[in-house]
Amino acid sequence: MGLNLEDKKAVVAEVSAEVAGAQSIIVAEYRGLEVGDITALRADARKAGVYLRVLKNTLVRRAIAGTPFEGLAEKMVGPLIYGISKDPVAAAKLLHDFGKSNPKLVVKAGAMPNYVMDAEGVKALASMPSRDELLAKLLGTMQAPIAQFVRTLNEIPTKFVRGLAAVRDAKEAA
């Protein structure tokens with residue numbers, strides 16, 4: 001049974017709200033996937049913080065009209081599942097990795113604000129580290145000089161104690 005006008009407006013409003021805060025939208029064709037596989041994909045999406053939904057292309061076209069993702073409308077053909085994410089890499093990584101283990105899920109295209117990607121662009125985006133990984137690397141880089149400085153400061157009293165122990169051992173031996 002199809003959606004009535006009110007339901008369609010609600011779907012467009014929901015997708016528009018997700019798109020407003022999104023950094024990436026990835027579309028994939030899910031033809032031939034079994035229900036259990038899609039359920040597993042949805043569970044992974046929830047864990048990754050990705051809004052994942054099968055939607056009518058016409059409703060999504062209305063939702064992205066006038067947004068920086070407007071260029072993606074021409075790639076919306078066929079039965080598609082949409083991954084919308086606040087993290088630019090999360091949706092691409094989720095759908096690309098799931099597509100490796102399930103060849104029936106085929107990534108078709110993706111978009112970042114004012115930039116539309118083909119399947120190869122999405123693959124390249126999926127290979128990038130996520131925002132959390134980049135923040136962890138940055139934090140590690142920022143902490144390294146401080147940690148080295150603390151180790152250096154700690155080495156001075158340690159050398160003094162070792163010297164005293166050596167003198168004590170020498171006096172005991174004599």
# chains A, B, ... in the order shown; residues from 1 in each chain; ligands from 1

call {"tool": "residues_around", "arguments": {"residues": "stretch 74-91 of chain A", "least_positions_apart": "4", "cutoff": "10 Å", "atoms": "only C-alpha atoms", "output": "PyMOL selection string"}}
result
chain A and resi 15+18-31+38+42+45+48-58+60-61+70+95-97+105-113+116-118+122+124-132

call {"tool": "select_by_dssp", "arguments": {"residues": "stretch 2-147 of chain A", "states": "strand (DSSP E or B)", "output": "ChimeraX atom specification"}}
result
/A:24-29,50-54,80-85,106-112,115-118
